[in-house]
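**Student:** Below you'll find the structure I mean.
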Amino acid sequence: WIKNMEKANNLHIIKLSDSDFVRTLENCIQFGTPVLLENIGEELDPILESLLLKQTFKQGGSLCIKLGDSTIEYSQDFKFYITTKLRNPHYLPETSVKVTLLNFMITPEGLQDQLLGIVVAKERPELEEEKNALILQGAENKRQLKEIEDKILEVLSSSKGNILEDETAIKVLSSSKKLANEISEKQAIAEETEIKIDEARMGYTKI
């Protein structure tokens with residue numbers, strides 16, 4: 001579908017395994033040529049971070065973007081498509097909020113839900129922005145909690161004697177409890193936001 005849609009625009013097809021994929025991507029960004037990145041896994045190359053976030057800036061009167069160590073001009077006509085052959089990929093929340101996901105195996109109900117999400121994002125962008133921010137915050141909380149858990153295991157395995165007399169262990173356990181409480185509070189806020197978004201979506205079902 002993508003290949004047919006962009007065929008007339010000289011679509012370039014690349015893979016992360018291509019030796020010249022960065023150079024091809026740079027040229028397409030500068031000249032506004034569409035790119036299709038095929039067969040990705042569940043992790044993306046870090047070099048794509050600025051592109052997915054569209055971190056453009058003005059330099060010498062031109063719109064530019066930094067790709068890896070290179071700064072190149074950014075054409076407003078540039079389009080970037082990514083596809084995967086994975087049947088049921090699981091992308092991290094911080095990846096999902098940077099792209100628009102389209103499931104070609106989607107059911108009518110799932111398609112309706114996606115379309116409702118697009119409408120709500122247009123009509124009530126503040127709710128969608130808040131939801132995305134909470135998703136990123138949730139991912140960061142989980143990362144911090146994992147670090148605390150690892151630290152606890154490390155302290156427990158290295159501690160000798162009565163652990164209650166180990167000040168380091170006590171501090172780690174205390175900080176873990178504090179973080180868990182913060183995550184619970186933020187999760188409650190996320191659930192309230194989810195209810196608001198669902199209510200807003202239902203109002204546009206007829207559309």
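By convention here, the chains of the structure tokens are called A, B, ... in the order presented, each chain's residues are numbered starting at 1, and ligands are numbered starting at 1 in the order presented.
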Restrict the calculation to only C-alpha atoms, then for each residue of segment 175-205 of chain A with any atom at most 8 Å from an atom of segment 140-151 of chain A give the closest atom pair and their distance in Å to one decimal, rows by chain and rising residue number, as CSV.
**Tutor:**
residue,atom,partner,partner_atom,distance
A:Ser175,CA,A:Ile148,CA,7.9
A:Ser176,CA,A:Ile148,CA,6.0
A:Leu179,CA,A:Leu145,CA,7.0
A:Ala180,CA,A:Leu145,CA,7.4
A:Ile183,CA,A:Asn141,CA,6.5
**Student:** If we count only C-alpha atoms, what is near Met202 of chain A at a cut-off of 12 Å, once residues fewer than 4 positions away on the same chain are taken out, given as a short mmCIF file (atom, residue, chain, number, x, y, z; two decimals) with all heavy atoms, in the first residue's frame?
**Tutor:**
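Written file, selection-v2.cif:
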data_model
loop_
_atom_site.label_atom_id
_atom_site.label_comp_id
_atom_site.auth_asym_id
_atom_site.auth_seq_id
_atom_site.Cartn_x
_atom_site.Cartn_y
_atom_site.Cartn_z
N GLN A 112 -12.01 1.58 14.49
CA GLN A 112 -12.87 2.62 15.03
C GLN A 112 -12.20 3.30 16.23
O GLN A 112 -12.24 4.52 16.37
CB GLN A 112 -14.21 2.03 15.45
CG GLN A 112 -15.19 3.09 15.99
CD GLN A 112 -16.46 2.48 16.54
OE1 GLN A 112 -16.42 1.57 17.37
NE2 GLN A 112 -17.60 2.97 16.08
N ASP A 113 -11.56 2.49 17.07
CA ASP A 113 -10.89 3.03 18.26
C ASP A 113 -9.73 3.95 17.86
O ASP A 113 -9.53 5.00 18.45
CB ASP A 113 -10.38 1.87 19.12
CG ASP A 113 -9.83 2.36 20.44
OD1 ASP A 113 -10.60 2.96 21.22
OD2 ASP A 113 -8.62 2.16 20.70
N LEU A 115 -9.46 5.62 14.98
CA LEU A 115 -10.02 6.83 14.38
C LEU A 115 -10.57 7.76 15.45
O LEU A 115 -10.43 8.99 15.35
CB LEU A 115 -11.12 6.46 13.38
CG LEU A 115 -10.66 5.73 12.12
CD1 LEU A 115 -11.86 5.31 11.28
CD2 LEU A 115 -9.73 6.62 11.30
N LEU A 116 -11.20 7.19 16.48
CA LEU A 116 -11.71 8.00 17.58
C LEU A 116 -10.55 8.70 18.28
O LEU A 116 -10.66 9.87 18.67
CB LEU A 116 -12.47 7.12 18.57
CG LEU A 116 -13.89 6.70 18.16
CD1 LEU A 116 -14.45 5.71 19.17
CD2 LEU A 116 -14.80 7.91 18.08
N GLY A 117 -9.43 8.00 18.42
CA GLY A 117 -8.26 8.59 19.06
C GLY A 117 -7.74 9.78 18.27
O GLY A 117 -7.33 10.79 18.85
N VAL A 119 -9.53 11.74 16.23
CA VAL A 119 -10.51 12.83 16.36
C VAL A 119 -10.35 13.54 17.70
O VAL A 119 -10.33 14.78 17.77
CB VAL A 119 -11.95 12.30 16.21
CG1 VAL A 119 -12.96 13.40 16.52
CG2 VAL A 119 -12.19 11.78 14.81
N VAL A 120 -10.21 12.76 18.77
CA VAL A 120 -10.05 13.34 20.10
C VAL A 120 -8.77 14.15 20.18
O VAL A 120 -8.74 15.23 20.80
CB VAL A 120 -10.05 12.23 21.19
CG1 VAL A 120 -9.70 12.82 22.55
CG2 VAL A 120 -11.41 11.55 21.25
N ILE A 195 -10.24 7.62 31.80
CA ILE A 195 -11.70 7.71 31.82
C ILE A 195 -12.18 8.94 31.06
O ILE A 195 -13.14 8.88 30.28
CB ILE A 195 -12.21 7.74 33.28
CG1 ILE A 195 -11.94 6.39 33.97
CG2 ILE A 195 -13.70 8.07 33.32
CD1 ILE A 195 -12.25 6.38 35.44
N LYS A 196 -11.49 10.08 31.25
CA LYS A 196 -11.86 11.31 30.56
C LYS A 196 -11.71 11.15 29.05
O LYS A 196 -12.56 11.59 28.27
CB LYS A 196 -10.97 12.47 31.03
CG LYS A 196 -11.21 12.90 32.47
CD LYS A 196 -10.28 14.04 32.82
CE LYS A 196 -10.46 14.47 34.28
NZ LYS A 196 -9.50 15.56 34.64
N ILE A 197 -10.60 10.52 28.63
CA ILE A 197 -10.36 10.33 27.20
C ILE A 197 -11.42 9.41 26.59
O ILE A 197 -11.93 9.67 25.50
CB ILE A 197 -8.95 9.75 26.98
CG1 ILE A 197 -7.89 10.80 27.37
CG2 ILE A 197 -8.74 9.32 25.54
CD1 ILE A 197 -6.47 10.29 27.32
N ASP A 198 -11.75 8.34 27.31
CA ASP A 198 -12.77 7.41 26.81
C ASP A 198 -14.13 8.10 26.70
O ASP A 198 -14.87 7.88 25.73
CB ASP A 198 -12.88 6.20 27.74
CG ASP A 198 -11.69 5.27 27.64
OD1 ASP A 198 -10.97 5.36 26.62
OD2 ASP A 198 -11.46 4.47 28.57
N LYS A 206 -20.36 8.77 16.51
CA LYS A 206 -21.20 8.92 15.33
C LYS A 206 -20.42 9.45 14.13
O LYS A 206 -20.80 9.20 12.99
CB LYS A 206 -22.38 9.84 15.64
CG LYS A 206 -23.36 9.23 16.64
CD LYS A 206 -24.55 10.15 16.86
CE LYS A 206 -25.52 9.55 17.85
NZ LYS A 206 -26.69 10.44 18.08
N ILE A 207 -19.37 10.20 14.40
CA ILE A 207 -18.54 10.74 13.31
C ILE A 207 -17.88 9.61 12.55
O ILE A 207 -17.81 9.61 11.33
CB ILE A 207 -17.48 11.72 13.85
CG1 ILE A 207 -18.17 12.94 14.49
CG2 ILE A 207 -16.54 12.18 12.73
CD1 ILE A 207 -17.22 13.93 15.09
#
**Student:** Report as a ChimeraX atom specification all protein, DNA and RNA residues lying within 9 Å of segment 96-102 of chain A, evaluated on only C-alpha atoms, omitting residues in the same chain fewer than 5 positions from it.
**Tutor:** /A:49,52-53,91,111,114,132-133,135-136
**Student:** Taking N, CA and C atoms for each residue, export the selection above as a PDB file, in the first residue's frame.
**Tutor:**
ATOM      1  N   GLU A  49      16.154   8.765  16.733  1.00  0.00           N
ATOM      2  CA  GLU A  49      15.474   9.487  17.817  1.00  0.00           C
ATOM      3  C   GLU A  49      15.070  10.898  17.421  1.00  0.00           C
ATOM      4  N   LEU A  52      12.297  10.907  14.692  1.00  0.00           N
ATOM      5  CA  LEU A  52      10.960  10.546  15.169  1.00  0.00           C
ATOM      6  C   LEU A  52      10.352  11.677  16.002  1.00  0.00           C
ATOM      7  N   LEU A  53      11.194  12.388  16.740  1.00  0.00           N
ATOM      8  CA  LEU A  53      10.711  13.510  17.549  1.00  0.00           C
ATOM      9  C   LEU A  53      10.614  14.801  16.735  1.00  0.00           C
ATOM     10  N   TYR A  91       6.059  -2.499  21.442  1.00  0.00           N
ATOM     11  CA  TYR A  91       6.988  -1.384  21.505  1.00  0.00           C
ATOM     12  C   TYR A  91       6.868  -0.671  22.845  1.00  0.00           C
ATOM     13  N   LEU A 111     -10.088  -0.440  14.420  1.00  0.00           N
ATOM     14  CA  LEU A 111      -9.957   0.706  13.522  1.00  0.00           C
ATOM     15  C   LEU A 111     -10.790   1.867  14.027  1.00  0.00           C
ATOM     16  N   GLN A 114      -8.972   3.543  16.811  1.00  0.00           N
ATOM     17  CA  GLN A 114      -7.871   4.381  16.341  1.00  0.00           C
ATOM     18  C   GLN A 114      -8.377   5.697  15.773  1.00  0.00           C
ATOM     19  N   ASN A 132      -0.140  11.056  26.777  1.00  0.00           N
ATOM     20  CA  ASN A 132       1.196  10.713  26.301  1.00  0.00           C
ATOM     21  C   ASN A 132       2.262  11.015  27.348  1.00  0.00           C
ATOM     22  N   ALA A 133       2.087  12.135  28.048  1.00  0.00           N
ATOM     23  CA  ALA A 133       3.039  12.499  29.098  1.00  0.00           C
ATOM     24  C   ALA A 133       3.013  11.471  30.226  1.00  0.00           C
ATOM     25  N   ILE A 135       2.197   8.329  29.900  1.00  0.00           N
ATOM     26  CA  ILE A 135       2.794   7.092  29.400  1.00  0.00           C
ATOM     27  C   ILE A 135       4.314   7.147  29.547  1.00  0.00           C
ATOM     28  N   LEU A 136       4.892   8.280  29.172  1.00  0.00           N
ATOM     29  CA  LEU A 136       6.337   8.443  29.302  1.00  0.00           C
ATOM     30  C   LEU A 136       6.765   8.417  30.760  1.00  0.00           C
TER      31      LEU A 136
END
**Student:** Let me make sure I understand: among A:Trp1, A:Leu173, A:Lys131, A:Leu156, which one has the smallest atom-to-atom distance to Thr193 of chain A if we use only C-alpha atoms?
**Tutor:**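 Looking at the shortest contact to Thr193 of chain A, the residue is A:Lys131.
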**Student:** Residues at most 6 Å from segment 70-80 of chain A, counting only C-alpha atoms, excluding those fewer than 6 positions away in the same chain, as a CSV table (one decimal) with all heavy atoms, in the first residue's frame?
**Tutor:**
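out_3.csv was written with the following content:
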chain,number,residue,atom,x,y,z
A,29,ILE,N,16.1,13.1,3.4
A,29,ILE,CA,15.6,14.2,4.3
A,29,ILE,C,15.9,15.5,3.7
A,29,ILE,O,15.1,16.4,3.8
A,29,ILE,CB,16.4,14.1,5.7
A,29,ILE,CG1,15.9,12.8,6.5
A,29,ILE,CG2,16.1,15.3,6.6
A,29,ILE,CD1,16.7,12.5,7.7
A,30,GLN,N,17.1,15.7,3.1
A,30,GLN,CA,17.4,16.9,2.5
A,30,GLN,C,16.6,17.3,1.2
A,30,GLN,O,16.2,18.4,1.0
A,30,GLN,CB,18.9,16.9,2.1
A,30,GLN,CG,19.9,16.8,3.3
A,30,GLN,CD,21.3,16.8,2.9
A,30,GLN,OE1,21.9,17.8,2.5
A,30,GLN,NE2,21.9,15.6,3.0
A,32,GLY,N,13.6,15.9,0.4
A,32,GLY,CA,12.2,15.7,0.6
A,32,GLY,C,11.6,14.5,-0.1
A,32,GLY,O,10.5,14.4,-0.6
A,33,THR,N,12.5,13.4,-0.2
A,33,THR,CA,12.0,12.2,-0.8
A,33,THR,C,11.5,11.2,0.3
A,33,THR,O,12.2,11.0,1.3
A,33,THR,CB,13.2,11.5,-1.5
A,33,THR,OG1,13.8,12.5,-2.4
A,33,THR,CG2,12.8,10.3,-2.3
A,34,PRO,N,10.4,10.6,0.0
A,34,PRO,CA,9.8,9.6,1.0
A,34,PRO,C,10.7,8.4,1.2
A,34,PRO,O,11.3,7.9,0.3
A,34,PRO,CB,8.5,9.3,0.5
A,34,PRO,CG,8.6,9.5,-1.0
A,34,PRO,CD,9.5,10.7,-1.1
A,35,VAL,N,10.8,7.9,2.5
A,35,VAL,CA,11.6,6.7,2.8
A,35,VAL,C,10.7,5.7,3.5
A,35,VAL,O,9.9,6.0,4.4
A,35,VAL,CB,12.7,7.1,3.7
A,35,VAL,CG1,13.5,5.9,4.2
A,35,VAL,CG2,13.7,8.0,3.0
A,63,LEU,N,16.0,25.3,7.7
A,63,LEU,CA,15.5,24.3,8.7
A,63,LEU,C,16.4,23.1,8.7
A,63,LEU,O,16.6,22.5,7.6
A,63,LEU,CB,14.1,23.9,8.3
A,63,LEU,CG,13.3,23.1,9.4
A,63,LEU,CD1,13.1,23.9,10.6
A,63,LEU,CD2,11.9,22.7,8.8
A,64,CYS,N,16.9,22.7,9.8
A,64,CYS,CA,17.9,21.6,9.9
A,64,CYS,C,17.5,20.6,11.0
A,64,CYS,O,16.6,20.9,11.8
A,64,CYS,CB,19.3,22.2,10.2
A,64,CYS,SG,20.0,23.3,9.0
**Student:** Which residues come within 10 Å of Gln55 of chain A, counting only C-alpha atoms, excluding same-chain residues fewer than 4 positions away, as a ChimeraX atom specification?
**Tutor:** /A:49-51,64-67
**Student:** Running DSSP on the backbone, which parts of segment 6-200 of chain A land in strand (DSSP E), as number ranges by chain?
**Tutor:** A: 12-15, 35-38, 56-59, 62-67, 70-73, 80-82
